[in-house]
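To keep things clear, I will list the structure first and then write my remarks on it.
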Amino acid sequence: MTAIPMHSSAPPRRLAGLRSGADYLGTVLRHLAGNPSSAFGLVVILALIVMAAFAPLIATADPYAQDLGAALQPPSWAHFFGTDEVGRDVFSRLVYGARITLTIIALVGVIVGPIGLAVGTVAGYFGGWFDTALMRITDIFLSFPGLILSLAFVAALGAGLENAIVAIALTSWPPIARLARAETLTLRGADYVSAAKMQGASAARIIWKQIVPMCLPSVLTRLTLSLATVILTAAGLGFLGLGAQPPLPEWGAMIAIGRRYMLESWWLVAFPGGAILCVSLAFNLIGDGLRDALDPKQRKGRH
Amino acid sequence: MRLALSPTSGRLAGFARQAGTILVTLLGLLALTFAIGRLMPVDPVRAMVGEEADQATYEQVYHELGMDQPVYVQFADYLGQIARGDFGTSLRTGQPVIEDIARVMPATIELATFAILIGAGLGVPLGVLAAARKNRPTDHLVRVATLLGHSMPIFWTGMIGLILFYARLDWVGGGGRVSDFYDGMVEPRTGFLLIDSALSGDWDVFGDALNHLILPASILGLASLAYITRMTRSFMLDQLNQEYITTARVKGLSQTRTIWGHAFANIRVQLVTIVALAYGGLLEGAVLIETVFSWPGFGSYMTNNMLTGDMNAVMTCVLIVGVIFIALNLLSDLLYRVFDPRTR
């Protein structure tokens with residue numbers, strides 16, 4: 001059935017903004033770029049993407065090429081960030097490691113956002129025992145610190161990068177589902193939703209067309225902030241030997257190997273850790289910026 | 001106390017509903033640990049009988065462990081064992097898992113307690129200060145510092161700390177709870193090294209243990225510091241925006257009295273809740289920090305067992321963490337109910 005545009009069913013302004021997607025995105029990006037701290041975040045993420053895309057051009061050496069004669073050399077012009085215990089160039093390994101970091105972030109984001117949004121909006125819209133059941137499951141996941149639950153899943157699934165991504169995704173959706181549900185509960189009784197219902201729109205259509213777009217701003221903000229934690233968890237798993245496995249140049253795994261030589265060769269842990277810090281900080285800053293841009297309600301509470 | 005009949009029965013119903021919720025959550029938690037145990041790529045039968053056992057022995061043990069039963073029967077067996085307090089035997093140490101955990105727990109509690117003292121001791125005043133100087137340089141500085149603390153990989157911070165304060169400056173001890181020289185010199189009575197050494201009057205060991213504790217505890221504390229500071233600041237701002245604060249100021253009350261005597265007094269319950277949750281949250285950081293500092297606590301125990309695939313130990317560790325967090329959430333609910341009359 002075709003919805004006849006009625007006055008009362010006109011979606012609120014935030015949704016109207018979403019209709020012209022590119023325009024809206026431009027506004028948000030301008031806002032982020034205008035604030036020094038979120039602009040810094042954008043620059044870091046852009047640098048990460050460029051590093052990942054053009055790794056062979058940026059790296060000064062093969063990230064896997066060993067040179068035992070040049071092992072554990074301090075930073076110099078030949079090796080910007082020094083060399084590791086088998087003479088591999090740390091800078092080049094960091095550059096290639098950007099690909100792994102970006103893969104983790106992208107996959108976890110793509111899995112977690114839709115799942116959290118779907119579970120939250122559906123539970124919130126239908127309510128009743130269905131809502132109770134879904135929220136009990138969410139609560140069980142939420143009763144763990146993320147890293148420990150990810151550790152347990154990786155222990156169950158086996159160590160490795162793919163399983164680490166699955167484990168992190170499994171533990172990251174509940175906060176998003178909670179948030180989407182809370183938003184849905186406030187929207188469920190709104191006039192424009194009732195109007196759509198009276199026009200005979202199906203539940204699926206109402207959730208997809210009327211509720212999901214309204215949840216998007218806060219879900220995106222929350223997802224961005226979650227990704228800051230995801231990076232730390234992934235690095236932690238790599239560090240404990242349960243995530244990406246050597247010789248993959250994953251930053252956490254690089255630190256784990258560097259740990260054996262760190263008291264003399266500080267550069268083995270200092271640079272990969274610095275890279276993790278920068279990316280995690282960038283997502284936190286962008287998340288804060290997004291909250292200011294998309295969620296004026298929360299901005300008032302924060303300042 | 002004036003208690004009308006209807007609110008009391010309402011409260012009872014509330015408690016009954018909450019008890020039901022907790023029971024369901026616990027059951028879900030057990031289902032989760034059971035699933036993790038069954039998913040683990042380790043054959044528990046093979047681990048028990050060894051590589052050389054013949055097929056007949058294997059099948060006998062397979063049967064004895066109930067592995068030929070349907071999954072729901074196995075799950076019911078698991079629930080029965082847990083109810084009897086039987087958490088199984090560690091395949092690695094051959095000891096009952098629960099005894100292993102009881103032995104390593106004091107080291108972690110010692111570490112986490114010092115960490116939360118540092119985190120809350122610094123975080124609360126910093127948060128109050130930031131709120132009082134909202135949007136001034138102090139506030140921005142605190143915000144940047146907490147964001148940095150929140151974004152640092154804690155295992156990395158730990159290593160940088162070791163490189164700086166142990167290897168370069170030699171201010172603190174290295175890995176472990178004491179130097180090798182003192183290892184095993186104190187009779188373990190409580191398992192808390194500081195208490196044990198103080199009880200037996202070994203002040204050398206006490207000092208050495210403190211020297212080993214200070215760096216990992218500070219770094220673990222930094223993780224909770226960021227969270228506690230942020231929360232304190234936002235709680236304080238909620239209070240400072242209210243009218244009674246304006247009234248207090250109009251009356252001519254000093255800034256210190258307004259902030260600490262009025263606003264701060266009203267956020268104490270919220271703060272206790274936050275600190276309790278942060279204390280539990282330190283378990284997460286402890287897993288990484290204990291590995292960095294070779295600290296023989298719960299975190300090291302759990303990761304070692306995950307790496308070796310010791311099923312019973314992993315399941316029990318996960319269960320314990322879950323129970324601790326459910327308990328902490330419950331405690332914070334309860335605190336609100338007891339101290340905030342509006343929620344009654």
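Residues are named by chain letter and number: chains run A, B, ... in the order of the structure tokens, numbers start at 1 in each chain, and ligands are numbered from 1 in the order shown.
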Open item on the list: Could you list, as a PyMOL selection string, every residue within 8 Å of stretch 160-172 of chain A, counting only C-alpha atoms and ignoring same-chain residues fewer than 2 positions away?
Closed with: chain A and resi 104+107-108+111-112+141+146+149-151+153-154+157-158+174-176+226+230+233-234+237+242-245
- [ ] For A:Ala203, list every protein, DNA or RNA residue within 9 Å, evaluated using only C-alpha atoms, and leave out those in the same chain fewer than 4 positions away; present the list as a ChimeraX atom specification.
- [x] /A:125-126,197,207-208
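Taking only C-alpha atoms, the non-local environment of stretch 149-153 of chain B within 6 Å (same-chain residues fewer than 4 positions away omitted) comprises Leu232, Leu277, Ser280 and Leu281 of chain A; Ala226 of chain B.
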Convert the current residue selection to file output with all heavy atoms, as a CSV table (one decimal), in the first residue's frame.
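And here's result.csv as it stands now:
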chain,number,residue,atom,x,y,z
A,232,LEU,N,41.1,-1.6,21.2
A,232,LEU,CA,41.8,-1.9,22.4
A,232,LEU,C,41.6,-3.4,22.7
A,232,LEU,O,42.6,-4.1,23.1
A,232,LEU,CB,41.4,-1.1,23.6
A,232,LEU,CG,41.7,0.4,23.6
A,232,LEU,CD1,41.2,1.1,24.8
A,232,LEU,CD2,43.2,0.6,23.3
A,277,LEU,N,47.1,3.7,20.4
A,277,LEU,CA,46.5,4.8,21.2
A,277,LEU,C,45.9,5.9,20.3
A,277,LEU,O,44.8,6.4,20.5
A,277,LEU,CB,47.7,5.4,22.0
A,277,LEU,CG,47.4,6.7,22.7
A,277,LEU,CD1,46.3,6.6,23.7
A,277,LEU,CD2,48.7,7.2,23.4
A,280,SER,N,42.6,4.6,18.7
A,280,SER,CA,41.5,4.5,19.7
A,280,SER,C,41.1,5.9,20.1
A,280,SER,O,39.9,6.2,20.2
A,280,SER,CB,42.0,3.7,20.9
A,280,SER,OG,41.1,3.8,21.9
A,281,LEU,N,42.1,6.8,20.3
A,281,LEU,CA,41.8,8.2,20.7
A,281,LEU,C,40.9,8.9,19.6
A,281,LEU,O,40.0,9.6,19.9
A,281,LEU,CB,43.1,9.0,20.9
A,281,LEU,CG,43.0,10.4,21.4
A,281,LEU,CD1,42.3,10.5,22.8
A,281,LEU,CD2,44.3,11.1,21.4
B,226,ALA,N,40.1,7.4,34.7
B,226,ALA,CA,39.4,8.1,33.6
B,226,ALA,C,37.9,8.0,33.7
B,226,ALA,O,37.2,9.0,33.6
B,226,ALA,CB,39.9,7.5,32.3
- [ ] May I have the residues of chain A within 8 Å of chain B, counting only C-alpha atoms, written as a ChimeraX atom specification?
- [x] /A:136-137,139-140,143-149,151-153,155-158,228-229,232,235-236,240-242,255,259,262-263,266,269-270,273,276-278,280-281,284,301-303
- [ ] Taking the chain letters and numbering used in this document, name the residues of stretch 183-303 of chain A that DSSP puts in alpha helix (DSSP H), as JSON, numbers by chain.
- [x] {"A": [183, 184, 185, 186, 187, 188, 191, 192, 193, 194, 195, 196, 197, 198, 203, 204, 205, 212, 213, 214, 215, 216, 217, 218, 219, 220, 221, 222, 223, 224, 225, 226, 227, 228, 229, 230, 231, 232, 233, 234, 235, 236, 237, 238, 239, 240, 251, 252, 253, 254, 255, 256, 257, 258, 267, 268, 269, 270, 271, 272, 273, 274, 275, 276, 277, 278, 279, 280, 281, 282, 283, 284, 285, 286, 287, 288, 289, 290, 291, 292, 293, 294, 296, 297, 298, 299, 300, 301, 302]}
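Residues with any atom within 9 Å of stretch 91-100 of chain B, counting only C-alpha atoms and excluding same-chain neighbours fewer than 3 positions away, are Pro44, Ala47, Met48, Gly85, Asp86, Phe87, Gly88, Arg103, Val104, Met105, Tyr301, Asn305, Thr308, Gly309, Asp310, Met311, Asn312, Ala313, Thr316 and Cys317 of chain B.
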Just write the chosen residues, N, CA, C and O atoms, as a compact mmCIF listing (two decimals), in the first residue's frame.
# COMPACT_ATOMS: atom_id res chain seq x y z
N PRO B 44 37.76 -33.49 25.92
CA PRO B 44 37.99 -33.71 27.35
C PRO B 44 38.32 -35.17 27.66
O PRO B 44 39.06 -35.45 28.60
N ALA B 47 41.93 -35.71 26.79
CA ALA B 47 42.78 -35.03 27.78
C ALA B 47 42.88 -35.87 29.06
O ALA B 47 43.91 -35.86 29.74
N MET B 48 41.83 -36.63 29.36
CA MET B 48 41.82 -37.41 30.60
C MET B 48 42.57 -38.72 30.45
O MET B 48 43.34 -39.11 31.32
N GLY B 85 28.47 -27.53 44.26
CA GLY B 85 29.75 -26.87 44.50
C GLY B 85 30.92 -27.60 43.87
O GLY B 85 32.07 -27.39 44.25
N ASP B 86 30.64 -28.44 42.88
CA ASP B 86 31.70 -29.18 42.21
C ASP B 86 32.00 -28.51 40.87
O ASP B 86 31.20 -28.57 39.95
N PHE B 87 33.16 -27.84 40.81
CA PHE B 87 33.49 -27.11 39.60
C PHE B 87 34.47 -27.87 38.72
O PHE B 87 35.04 -27.34 37.80
N GLY B 88 34.71 -29.11 39.07
CA GLY B 88 35.60 -29.92 38.25
C GLY B 88 37.06 -29.76 38.62
O GLY B 88 37.42 -28.96 39.49
N ARG B 103 43.41 -19.84 45.57
CA ARG B 103 44.82 -19.57 45.84
C ARG B 103 45.32 -18.32 45.09
O ARG B 103 46.14 -17.57 45.62
N VAL B 104 44.83 -18.12 43.86
CA VAL B 104 45.35 -16.98 43.08
C VAL B 104 44.57 -15.69 43.32
O VAL B 104 45.07 -14.61 43.01
N MET B 105 43.36 -15.81 43.85
CA MET B 105 42.50 -14.63 43.99
C MET B 105 43.10 -13.52 44.86
O MET B 105 43.02 -12.35 44.48
N TYR B 301 45.94 -16.72 35.66
CA TYR B 301 45.41 -18.07 35.73
C TYR B 301 44.43 -18.32 34.58
O TYR B 301 44.51 -19.33 33.89
N ASN B 305 45.08 -20.80 31.22
CA ASN B 305 44.19 -21.92 30.95
C ASN B 305 43.52 -21.82 29.60
O ASN B 305 43.22 -22.82 28.96
N THR B 308 46.11 -23.03 27.11
CA THR B 308 46.33 -24.47 27.11
C THR B 308 45.02 -25.24 26.90
O THR B 308 45.05 -26.46 26.80
N GLY B 309 43.88 -24.54 26.85
CA GLY B 309 42.61 -25.23 26.61
C GLY B 309 42.13 -26.06 27.77
O GLY B 309 41.56 -27.14 27.59
N ASP B 310 42.34 -25.58 29.00
CA ASP B 310 41.89 -26.30 30.18
C ASP B 310 40.41 -25.96 30.42
O ASP B 310 40.08 -24.94 31.04
N MET B 311 39.53 -26.84 29.94
CA MET B 311 38.11 -26.53 29.85
C MET B 311 37.46 -26.17 31.17
O MET B 311 36.85 -25.11 31.30
N ASN B 312 37.59 -27.05 32.17
CA ASN B 312 36.92 -26.80 33.46
C ASN B 312 37.35 -25.47 34.07
O ASN B 312 36.53 -24.72 34.60
N ALA B 313 38.65 -25.21 33.97
CA ALA B 313 39.17 -23.98 34.57
C ALA B 313 38.60 -22.76 33.86
O ALA B 313 38.18 -21.80 34.51
N THR B 316 34.89 -22.20 34.71
CA THR B 316 34.69 -21.68 36.07
C THR B 316 35.13 -20.23 36.18
O THR B 316 34.46 -19.42 36.83
N CYS B 317 36.24 -19.88 35.55
CA CYS B 317 36.70 -18.48 35.58
C CYS B 317 35.64 -17.57 34.99
O CYS B 317 35.30 -16.53 35.57
Open item on the list: So that I can see what lies close to B:Leu213, please list as JSON, numbers by chain the residues with an atom at most 10 Å from it, counting only C-alpha atoms and leaving out residues fewer than 2 positions away in the same chain.
Closed with: {"B": [107, 110, 111, 114, 115, 172, 173, 174, 175, 176, 177, 178, 194, 207, 208, 209, 210, 211, 215, 216, 217, 218, 293, 295]}
For those residues, write N, CA, C and O atoms to a file as a compact mmCIF listing (two decimals), in the first residue's frame.
# COMPACT_ATOMS: atom_id res chain seq x y z
N ALA B 107 46.03 -12.38 45.27
CA ALA B 107 46.99 -11.54 44.54
C ALA B 107 46.25 -10.50 43.71
O ALA B 107 46.64 -9.33 43.65
N GLU B 110 44.49 -7.89 46.01
CA GLU B 110 45.49 -6.94 46.52
C GLU B 110 45.77 -5.86 45.47
O GLU B 110 45.76 -4.66 45.75
N LEU B 111 45.99 -6.33 44.25
CA LEU B 111 46.30 -5.42 43.14
C LEU B 111 45.13 -4.48 42.86
O LEU B 111 45.30 -3.26 42.77
N PHE B 114 44.42 -1.73 45.68
CA PHE B 114 45.31 -0.57 45.60
C PHE B 114 44.97 0.28 44.38
O PHE B 114 45.01 1.51 44.45
N ALA B 115 44.63 -0.39 43.28
CA ALA B 115 44.31 0.35 42.06
C ALA B 115 43.08 1.23 42.26
O ALA B 115 43.07 2.38 41.85
N VAL B 172 61.18 1.31 41.06
CA VAL B 172 60.26 0.28 41.55
C VAL B 172 60.79 -1.10 41.17
O VAL B 172 61.74 -1.22 40.39
N GLY B 173 60.16 -2.13 41.78
CA GLY B 173 60.54 -3.50 41.46
C GLY B 173 60.00 -3.89 40.09
O GLY B 173 59.14 -3.21 39.53
N GLY B 174 60.50 -4.99 39.53
CA GLY B 174 60.06 -5.44 38.22
C GLY B 174 58.83 -6.32 38.32
O GLY B 174 57.93 -6.06 39.11
N GLY B 175 58.80 -7.40 37.51
CA GLY B 175 57.65 -8.28 37.49
C GLY B 175 57.54 -9.12 38.76
O GLY B 175 58.48 -9.20 39.56
N GLY B 176 56.38 -9.75 38.96
CA GLY B 176 56.15 -10.62 40.11
C GLY B 176 55.71 -9.84 41.33
O GLY B 176 55.69 -8.62 41.33
N ARG B 177 55.35 -10.59 42.40
CA ARG B 177 54.86 -9.91 43.61
C ARG B 177 56.00 -9.51 44.53
O ARG B 177 55.88 -8.58 45.32
N VAL B 178 57.12 -10.27 44.52
CA VAL B 178 58.32 -9.90 45.29
C VAL B 178 59.55 -10.25 44.47
O VAL B 178 59.46 -10.97 43.48
N LEU B 194 50.95 -8.56 51.55
CA LEU B 194 51.22 -7.43 52.45
C LEU B 194 50.77 -7.77 53.87
O LEU B 194 51.47 -7.48 54.84
N GLY B 207 58.13 -4.27 52.44
CA GLY B 207 58.59 -3.15 51.61
C GLY B 207 58.81 -3.58 50.18
O GLY B 207 58.42 -2.87 49.23
N ASP B 208 59.41 -4.75 50.01
CA ASP B 208 59.69 -5.24 48.66
C ASP B 208 58.39 -5.50 47.91
O ASP B 208 58.26 -5.17 46.73
N ALA B 209 57.42 -6.09 48.62
CA ALA B 209 56.13 -6.39 47.99
C ALA B 209 55.43 -5.09 47.58
O ALA B 209 54.87 -4.99 46.48
N LEU B 210 55.49 -4.09 48.46
CA LEU B 210 54.88 -2.80 48.17
C LEU B 210 55.53 -2.17 46.94
O LEU B 210 54.88 -1.59 46.08
N ASN B 211 56.84 -2.32 46.88
CA ASN B 211 57.63 -1.78 45.77
C ASN B 211 57.25 -2.44 44.45
O ASN B 211 57.32 -1.81 43.39
N LEU B 215 53.64 -0.01 40.93
CA LEU B 215 53.53 0.33 39.50
C LEU B 215 52.33 -0.33 38.83
O LEU B 215 51.51 0.37 38.22
N PRO B 216 52.17 -1.68 38.94
CA PRO B 216 50.97 -2.26 38.31
C PRO B 216 49.68 -1.68 38.88
O PRO B 216 48.72 -1.45 38.12
N ALA B 217 49.65 -1.41 40.19
CA ALA B 217 48.41 -0.87 40.78
C ALA B 217 48.14 0.53 40.25
O ALA B 217 46.99 0.87 39.95
N SER B 218 49.18 1.36 40.10
CA SER B 218 48.97 2.72 39.57
C SER B 218 48.43 2.66 38.15
O SER B 218 47.52 3.42 37.79
N PHE B 293 53.08 -7.93 34.07
CA PHE B 293 53.92 -7.89 35.26
C PHE B 293 54.16 -9.28 35.86
O PHE B 293 54.63 -9.36 37.00
N TRP B 295 52.23 -11.27 37.20
CA TRP B 295 51.56 -11.24 38.50
C TRP B 295 50.74 -12.51 38.65
O TRP B 295 49.83 -12.75 37.84
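Relative to atom CA of A:Leu285, atom CA of A:Leu225 is found at 8.4 Å.
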TODO: Please provide the set of residues having any atom within 8 Å of A:Arg99, restricted to only C-alpha atoms, with same-chain residues fewer than 3 positions apart removed, written as a PyMOL selection string.
DONE: chain A and resi 51-53+95-96+102-103
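Here atom CA of B:Ser332 and atom CA of B:Leu271 stand 10.1 Å from one another.
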